[in-house]
Amino acid sequence: MTGRLLETLKARFPDDVLQTHAFRGDETVLLKKEALLKAAVFLKDELGFDFLMDLTAADYLPREPRFELVCHFYSSKHNYRLRLKCPVAGADARVDSLTPLWAGANWFEREAYDMYGIKFDGHPDLRRILMYDGFEGHPLRKDYPLKKRQPRTPHRE
Amino acid sequence: MNTKNTETPKNWSLEALEDGRMVLNMGPSHPAMHGIVRVLLTVQGERVIDSDVEIGYLHRGFEKTCENVTYNQCVPYTDRLNYVSPFINNVGFALAVEKLMGLETPPRCWYIRVIMSELSRLTDHLTCIGANAMELAAFTVYFYLINAREALYRLTDSAAGGRVTPAYTRVGGLTRDLPADFKRDTAEVFKTVRRNLDDADKLLTRNRIFYDRLHNIGRISKEDAVSLSFTGPALRSTGVGLDVRRTAPYLVYDRFDFDIPVGSNGDNYDRYLVRMEEMKQSMRIVEQALAQLPDGPVNHPDFNVTLPPKEDVYGNIEALMAHFKLTFEGVKPPKGEVYQAVEGGNGELGFYIVSDGTGRPWRVRVRAPCFALTGGLSQMIKGGYIADIISTFGQINMIGGELER
């Protein structure tokens with residue numbers, strides 16, 4: 001089956017698949033972000049990928065598009081995994097939410113939003129999850145300083 | 001003293017809504033919420049109508065920290081993810097980096113990693129069931145199970161040199177080999193564990209009070225569990241027999257004979273039974289692994305990966321240079337990205353690592369099993385009694401370190 005999945009996706013979405021690779025056996029598809037939702041529907045309904053194992057993002061700062069949305073899908077029927085990535089531009093970073101398809105995407109997307117500031121269109125309740133309300137910035141962005149402190153109450157003299 | 005200021009912050013008050021509903025705050029300093037999770041409940045009488053689970057009280061920036069240290073310096077941080085089963089985190093991280101580097105460790109290392117992972121699974125389940133029983137007022141069971149856990153901690157301590165934070169693995173191997181009489185000690189400890197498990201089994205499994213507090217509570221259907229990305233005992237309790245040790249056998253899990261217990265009802269009682277059985281299976285795996293344990297080195301021979309022996313460091317210049325470079329610059333995986341899943345105590349523990357070719361990871365992402373589980377908590381407690389939150393939350397086995405990283 002190695003390679004067949006990637007070929008299927010390339011054949012199905014010829015205009016949207018930007019790149020595929022299988023580094024160390026992890027099959028990966030790089031997809032235009034506009035096609036994320038329809039590709040996810042295709043994966044879930046027709047290829048049997050029933051689990052959204054993980055959803056996160058990564059920041060490749062000097063590069064543009066700056067962010068990458070990274071989803072790991074798992075099919076329990078075929079015992080197969082697939083990584084789907086979408087480049088997301090730094091200015092007005094937003095992608096479609098996967099919550100209509102997987103309820104588990106809710107918290108994963110909230111975390112990606114909290115850590116990277118990527119907005120998810122169609123998410124029912126997009127707010128910070130690990131950081132508190134009023135926190136400024138998004139800590140996992142590469143331009144967020146490692147040692148920056150934002151205490152909730154000012155230090156006493 | 002100024003007592004005039006009686007106004008409390010809005011979300012800390014008991015707010016009465018129309019038609020008898022009430023907003024009730026539970027946690028974060030509620031004893032059963034482990035001090036780090038806050039649940040805002042909308043209740044009608046004793047029934048939970050709606051809830052909002054709020055986390056983030058233990059966020060330490062694990063992922064950000066890892067981006068700024070070398071790969072081996074991440075290992076002690078991984079201890080603090082799921083701190084009741086630290087070896088599984090160590091092994092998962094080491095396997096991910098080794099996969100990134102395309103590296104294979106010696107066979108003895110595989111077996112030791114399996115043994116330590118399974119001992120960790122035991123401590124994880126013992127803590128979960130013990131604490132859960134205690135929260136439901138079965139305090140005696142807690143002491144039996146914590147006694148067993150302590151015996152296991154002493155055993156793993158003898159190998160790794162750390163009780164809760166062992167940092168046992170390194171990229172390409174382990175910090176040290178097992179001590180000489182580890183096999184004998186394990187047999188002794190397992191006698192204690194089996195005795196304590198039997199005690200707990202007799203006290204809990206057919207105990208009317210315990211059964212009523214767990215049976216049909218926190219139920220979740222197979223479809224919902226899959227949709228919510230549940231893994232581990234919580235998923236298996238619904239009847240889906242998925243286990244990374246079986247679906248994608250890493251290390252040498254394909255060489256052992258063990259069963260994956262599954263439930264049928266998807267409730268707390270099934271989760272309890274699944275965990276009880278998994279502990280027996282873990283002991284089976286450890287016994288088989290110890291019987292098959294091959295001799296030989298535990299570390300990869302390449303000095304670009306593992307530290308050379310001290311005699312060489314002090315004896316020749318090549319080993320000294322390798323030692324220096326490895327300590328300061330760390331291992332350097334090639335450019336690329338991998339995802340490695342291992343079966344943690346609570347489910348699939350995944351490490352997604354992106355390397356840019358330097359000694360520090362560009363991105364480390366932990367797919368924590370109880371993050372998805374806690375995300376499903378709202379759904380599991382909906383419609384139940386307030387008191388049932390305790391048993392459901394306990395059987396989710398939320399571990400703050402891994403939930404919030």
# chains A, B, ... in the order shown; residues from 1 in each chain; ligands from 1
$ closest_atom_pairs --of "chain B" --to "chain A" --cutoff "6 Å" --atoms "only C-alpha atoms" --output "JSON lines"
{"residue": "B:Gly56", "atom": "CA", "partner": "A:Leu130", "partner_atom": "CA", "distance": 4.0}
{"residue": "B:Lys64", "atom": "CA", "partner": "A:Leu140", "partner_atom": "CA", "distance": 5.9}
{"residue": "B:Ser227", "atom": "CA", "partner": "A:Trp102", "partner_atom": "CA", "distance": 4.9}
{"residue": "B:Leu228", "atom": "CA", "partner": "A:Gly104", "partner_atom": "CA", "distance": 3.8}
{"residue": "B:Ser229", "atom": "CA", "partner": "A:Gly104", "partner_atom": "CA", "distance": 5.3}
$ write_last_selection --atoms "N, CA and C atoms" --output "CSV table (one decimal), in the first residue's frame"
chain,number,residue,atom,x,y,z
B,56,GLY,N,-5.1,24.6,32.2
B,56,GLY,CA,-4.0,25.5,31.9
B,56,GLY,C,-3.3,25.9,33.2
B,64,LYS,N,8.0,24.7,24.1
B,64,LYS,CA,8.9,25.8,23.9
B,64,LYS,C,10.3,25.6,24.4
B,227,SER,N,-14.7,9.8,17.6
B,227,SER,CA,-14.8,11.2,17.1
B,227,SER,C,-14.0,12.1,18.0
B,228,LEU,N,-14.0,11.8,19.3
B,228,LEU,CA,-13.3,12.6,20.3
B,228,LEU,C,-11.8,12.3,20.4
B,229,SER,N,-11.3,11.4,19.5
B,229,SER,CA,-9.9,11.0,19.5
B,229,SER,C,-9.5,10.3,20.8
$ select_by_dssp --residues "range 23-188 of chain B" --states "alpha helix (DSSP H)" --output "ChimeraX atom specification"
/B:62-66,71-79,86-101,107-135,139-160,182-188
$ residues_around --residues "Trp110 in chain B" --least-positions-apart "3" --cutoff "7 Å" --atoms "only C-alpha atoms" --output "list in words"
Pro106, Pro107, Arg113, Val114, Leu251 and Val252 of chain B
$ residues_around --residues "Gly218 in chain B" --least-positions-apart "4" --cutoff "12 Å" --atoms "only C-alpha atoms" --output "ChimeraX atom specification"
/B:48,213-214,225,234,237-238,265-272,373,376-396
$ atom_distance --atom1 "CA of His323 in chain B" --atom2 "CA of Tyr339 in chain B"
28.6 Å
$ select_by_dssp --residues "range 4-211 of chain B" --states "strand (DSSP E or B)" --output "list in words"
Glu15, Ala16, Arg21, Met22, Val23, Leu24, Asn25, Met26, Arg38, Val39, Leu40, Leu41, Thr42, Val43, Gln44, Arg47, Val48, Ile49, Asp50, Ser51, Asp52, Val53, Glu54, Thr169, Arg170, Gly173 and Leu174 of chain B
$ write_last_selection --atoms "N, CA and C atoms" --output "PDB file, in the first residue's frame"
ATOM      1  N   GLU B  15     -24.161  31.575  40.663  1.00  0.00           N
ATOM      2  CA  GLU B  15     -25.092  32.403  39.926  1.00  0.00           C
ATOM      3  C   GLU B  15     -26.373  31.637  39.683  1.00  0.00           C
ATOM      4  N   ALA B  16     -27.456  32.183  40.117  1.00  0.00           N
ATOM      5  CA  ALA B  16     -28.728  31.525  39.842  1.00  0.00           C
ATOM      6  C   ALA B  16     -29.261  32.012  38.514  1.00  0.00           C
ATOM      7  N   ARG B  21     -31.940  26.773  37.360  1.00  0.00           N
ATOM      8  CA  ARG B  21     -30.581  26.316  37.077  1.00  0.00           C
ATOM      9  C   ARG B  21     -29.585  27.156  37.870  1.00  0.00           C
ATOM     10  N   MET B  22     -28.423  26.595  38.074  1.00  0.00           N
ATOM     11  CA  MET B  22     -27.444  27.297  38.879  1.00  0.00           C
ATOM     12  C   MET B  22     -26.057  27.045  38.285  1.00  0.00           C
ATOM     13  N   VAL B  23     -25.208  28.051  38.364  1.00  0.00           N
ATOM     14  CA  VAL B  23     -23.836  27.850  37.906  1.00  0.00           C
ATOM     15  C   VAL B  23     -22.968  27.555  39.116  1.00  0.00           C
ATOM     16  N   LEU B  24     -22.278  26.455  39.052  1.00  0.00           N
ATOM     17  CA  LEU B  24     -21.493  26.004  40.194  1.00  0.00           C
ATOM     18  C   LEU B  24     -20.046  25.831  39.747  1.00  0.00           C
ATOM     19  N   ASN B  25     -19.155  26.315  40.564  1.00  0.00           N
ATOM     20  CA  ASN B  25     -17.744  26.203  40.220  1.00  0.00           C
ATOM     21  C   ASN B  25     -17.115  25.029  40.957  1.00  0.00           C
ATOM     22  N   MET B  26     -16.425  24.165  40.221  1.00  0.00           N
ATOM     23  CA  MET B  26     -15.774  23.003  40.840  1.00  0.00           C
ATOM     24  C   MET B  26     -14.297  23.058  40.482  1.00  0.00           C
ATOM     25  N   ARG B  38     -10.517  23.086  36.407  1.00  0.00           N
ATOM     26  CA  ARG B  38     -11.682  23.756  36.923  1.00  0.00           C
ATOM     27  C   ARG B  38     -12.853  23.431  36.006  1.00  0.00           C
ATOM     28  N   VAL B  39     -13.937  23.015  36.596  1.00  0.00           N
ATOM     29  CA  VAL B  39     -15.124  22.721  35.805  1.00  0.00           C
ATOM     30  C   VAL B  39     -16.222  23.680  36.227  1.00  0.00           C
ATOM     31  N   LEU B  40     -16.719  24.448  35.266  1.00  0.00           N
ATOM     32  CA  LEU B  40     -17.844  25.334  35.533  1.00  0.00           C
ATOM     33  C   LEU B  40     -19.107  24.581  35.161  1.00  0.00           C
ATOM     34  N   LEU B  41     -19.918  24.276  36.173  1.00  0.00           N
ATOM     35  CA  LEU B  41     -21.077  23.431  35.938  1.00  0.00           C
ATOM     36  C   LEU B  41     -22.343  24.275  35.906  1.00  0.00           C
ATOM     37  N   THR B  42     -23.219  23.929  34.999  1.00  0.00           N
ATOM     38  CA  THR B  42     -24.572  24.458  35.082  1.00  0.00           C
ATOM     39  C   THR B  42     -25.414  23.294  35.570  1.00  0.00           C
ATOM     40  N   VAL B  43     -25.978  23.458  36.764  1.00  0.00           N
ATOM     41  CA  VAL B  43     -26.696  22.330  37.344  1.00  0.00           C
ATOM     42  C   VAL B  43     -28.159  22.677  37.553  1.00  0.00           C
ATOM     43  N   GLN B  44     -28.953  21.649  37.506  1.00  0.00           N
ATOM     44  CA  GLN B  44     -30.354  21.775  37.886  1.00  0.00           C
ATOM     45  C   GLN B  44     -30.560  20.769  39.001  1.00  0.00           C
ATOM     46  N   ARG B  47     -28.335  17.504  39.004  1.00  0.00           N
ATOM     47  CA  ARG B  47     -27.966  17.057  37.656  1.00  0.00           C
ATOM     48  C   ARG B  47     -27.110  18.090  36.931  1.00  0.00           C
ATOM     49  N   VAL B  48     -26.128  17.607  36.214  1.00  0.00           N
ATOM     50  CA  VAL B  48     -25.284  18.482  35.413  1.00  0.00           C
ATOM     51  C   VAL B  48     -25.945  18.679  34.055  1.00  0.00           C
ATOM     52  N   ILE B  49     -26.255  19.921  33.734  1.00  0.00           N
ATOM     53  CA  ILE B  49     -26.885  20.183  32.442  1.00  0.00           C
ATOM     54  C   ILE B  49     -25.833  20.528  31.409  1.00  0.00           C
ATOM     55  N   ASP B  50     -24.866  21.319  31.848  1.00  0.00           N
ATOM     56  CA  ASP B  50     -23.839  21.745  30.916  1.00  0.00           C
ATOM     57  C   ASP B  50     -22.564  21.974  31.726  1.00  0.00           C
ATOM     58  N   SER B  51     -21.449  21.932  31.052  1.00  0.00           N
ATOM     59  CA  SER B  51     -20.220  22.181  31.798  1.00  0.00           C
ATOM     60  C   SER B  51     -19.156  22.737  30.878  1.00  0.00           C
ATOM     61  N   ASP B  52     -18.241  23.438  31.472  1.00  0.00           N
ATOM     62  CA  ASP B  52     -17.104  23.962  30.723  1.00  0.00           C
ATOM     63  C   ASP B  52     -15.848  23.592  31.493  1.00  0.00           C
ATOM     64  N   VAL B  53     -14.983  22.802  30.856  1.00  0.00           N
ATOM     65  CA  VAL B  53     -13.770  22.352  31.522  1.00  0.00           C
ATOM     66  C   VAL B  53     -12.661  23.338  31.203  1.00  0.00           C
ATOM     67  N   GLU B  54     -12.055  23.861  32.237  1.00  0.00           N
ATOM     68  CA  GLU B  54     -11.016  24.871  32.037  1.00  0.00           C
ATOM     69  C   GLU B  54      -9.683  24.318  32.524  1.00  0.00           C
ATOM     70  N   THR B 169      16.241   6.987  29.453  1.00  0.00           N
ATOM     71  CA  THR B 169      16.725   6.746  28.096  1.00  0.00           C
ATOM     72  C   THR B 169      17.595   7.899  27.619  1.00  0.00           C
ATOM     73  N   ARG B 170      18.421   7.579  26.662  1.00  0.00           N
ATOM     74  CA  ARG B 170      19.151   8.590  25.906  1.00  0.00           C
ATOM     75  C   ARG B 170      18.917   8.265  24.442  1.00  0.00           C
ATOM     76  N   GLY B 173      20.148   4.796  23.281  1.00  0.00           N
ATOM     77  CA  GLY B 173      20.391   3.814  24.337  1.00  0.00           C
ATOM     78  C   GLY B 173      19.766   4.205  25.659  1.00  0.00           C
ATOM     79  N   LEU B 174      20.472   3.845  26.729  1.00  0.00           N
ATOM     80  CA  LEU B 174      19.982   4.082  28.081  1.00  0.00           C
ATOM     81  C   LEU B 174      21.084   4.729  28.900  1.00  0.00           C
TER      82      LEU B 174
END
$ atom_distance --atom1 "CA of Gly48 in chain A" --atom2 "CA of Ser75 in chain A"
5.7 Å
$ residues_around --residues "Pro308 in chain B" --least-positions-apart "6" --cutoff "12 Å" --atoms "only C-alpha atoms" --output "list in words"
Thr175, Asn299, His300, Pro301, Asp302, Tyr314, Gly315, Asn316, Ile317, Glu318, Ala319, Leu320, Met321, Ala322, His323, Phe324, Lys325, Leu326 and Thr327 of chain B
$ write_last_selection --atoms "C-alpha atoms" --output "compact mmCIF listing (two decimals), in the first residue's frame"
# COMPACT_ATOMS: atom_id res chain seq x y z
CA THR B 175 21.77 5.83 30.89
CA ASN B 299 23.96 1.66 23.77
CA HIS B 300 24.46 2.38 20.11
CA PRO B 301 28.19 1.98 19.33
CA ASP B 302 28.51 5.23 17.35
CA TYR B 314 40.38 10.25 29.35
CA GLY B 315 42.52 7.96 27.18
CA ASN B 316 42.31 9.16 23.60
CA ILE B 317 41.62 12.37 21.72
CA GLU B 318 38.87 11.06 19.41
CA ALA B 319 36.66 9.98 22.29
CA LEU B 320 37.39 13.22 24.14
CA MET B 321 36.30 15.24 21.11
CA ALA B 322 33.20 13.12 20.64
CA HIS B 323 32.32 13.58 24.29
CA PHE B 324 32.80 17.32 24.02
CA LYS B 325 30.82 17.73 20.84
CA LEU B 326 27.99 15.51 22.02
CA THR B 327 27.70 17.35 25.31
$ residues_around --residues "Tyr111 in chain B" --least-positions-apart "2" --cutoff "10 Å" --atoms "only C-alpha atoms" --output "PyMOL selection string"
chain B and resi 106-109+113-117+251-253+286+288-290+292-294+298
$ residues_around --residues "Gly345 in chain B" --least-positions-apart "3" --cutoff "12 Å" --atoms "only C-alpha atoms" --output "ChimeraX atom specification"
/B:81-89,117-128,231-234,243-245,274-275,278-279,282,342,348-349,368-370,395-399,402
$ closest_residue --among "B:Val37, B:Leu152, B:Met283, B:Ala200" --to "Thr374 in chain B" --atoms "only C-alpha atoms"
B:Val37
$ closest_residue --among "A:Gly3, A:Gly137, A:Pro65, A:Pro14" --to "Ala39 in chain A" --atoms "only C-alpha atoms"
A:Pro14
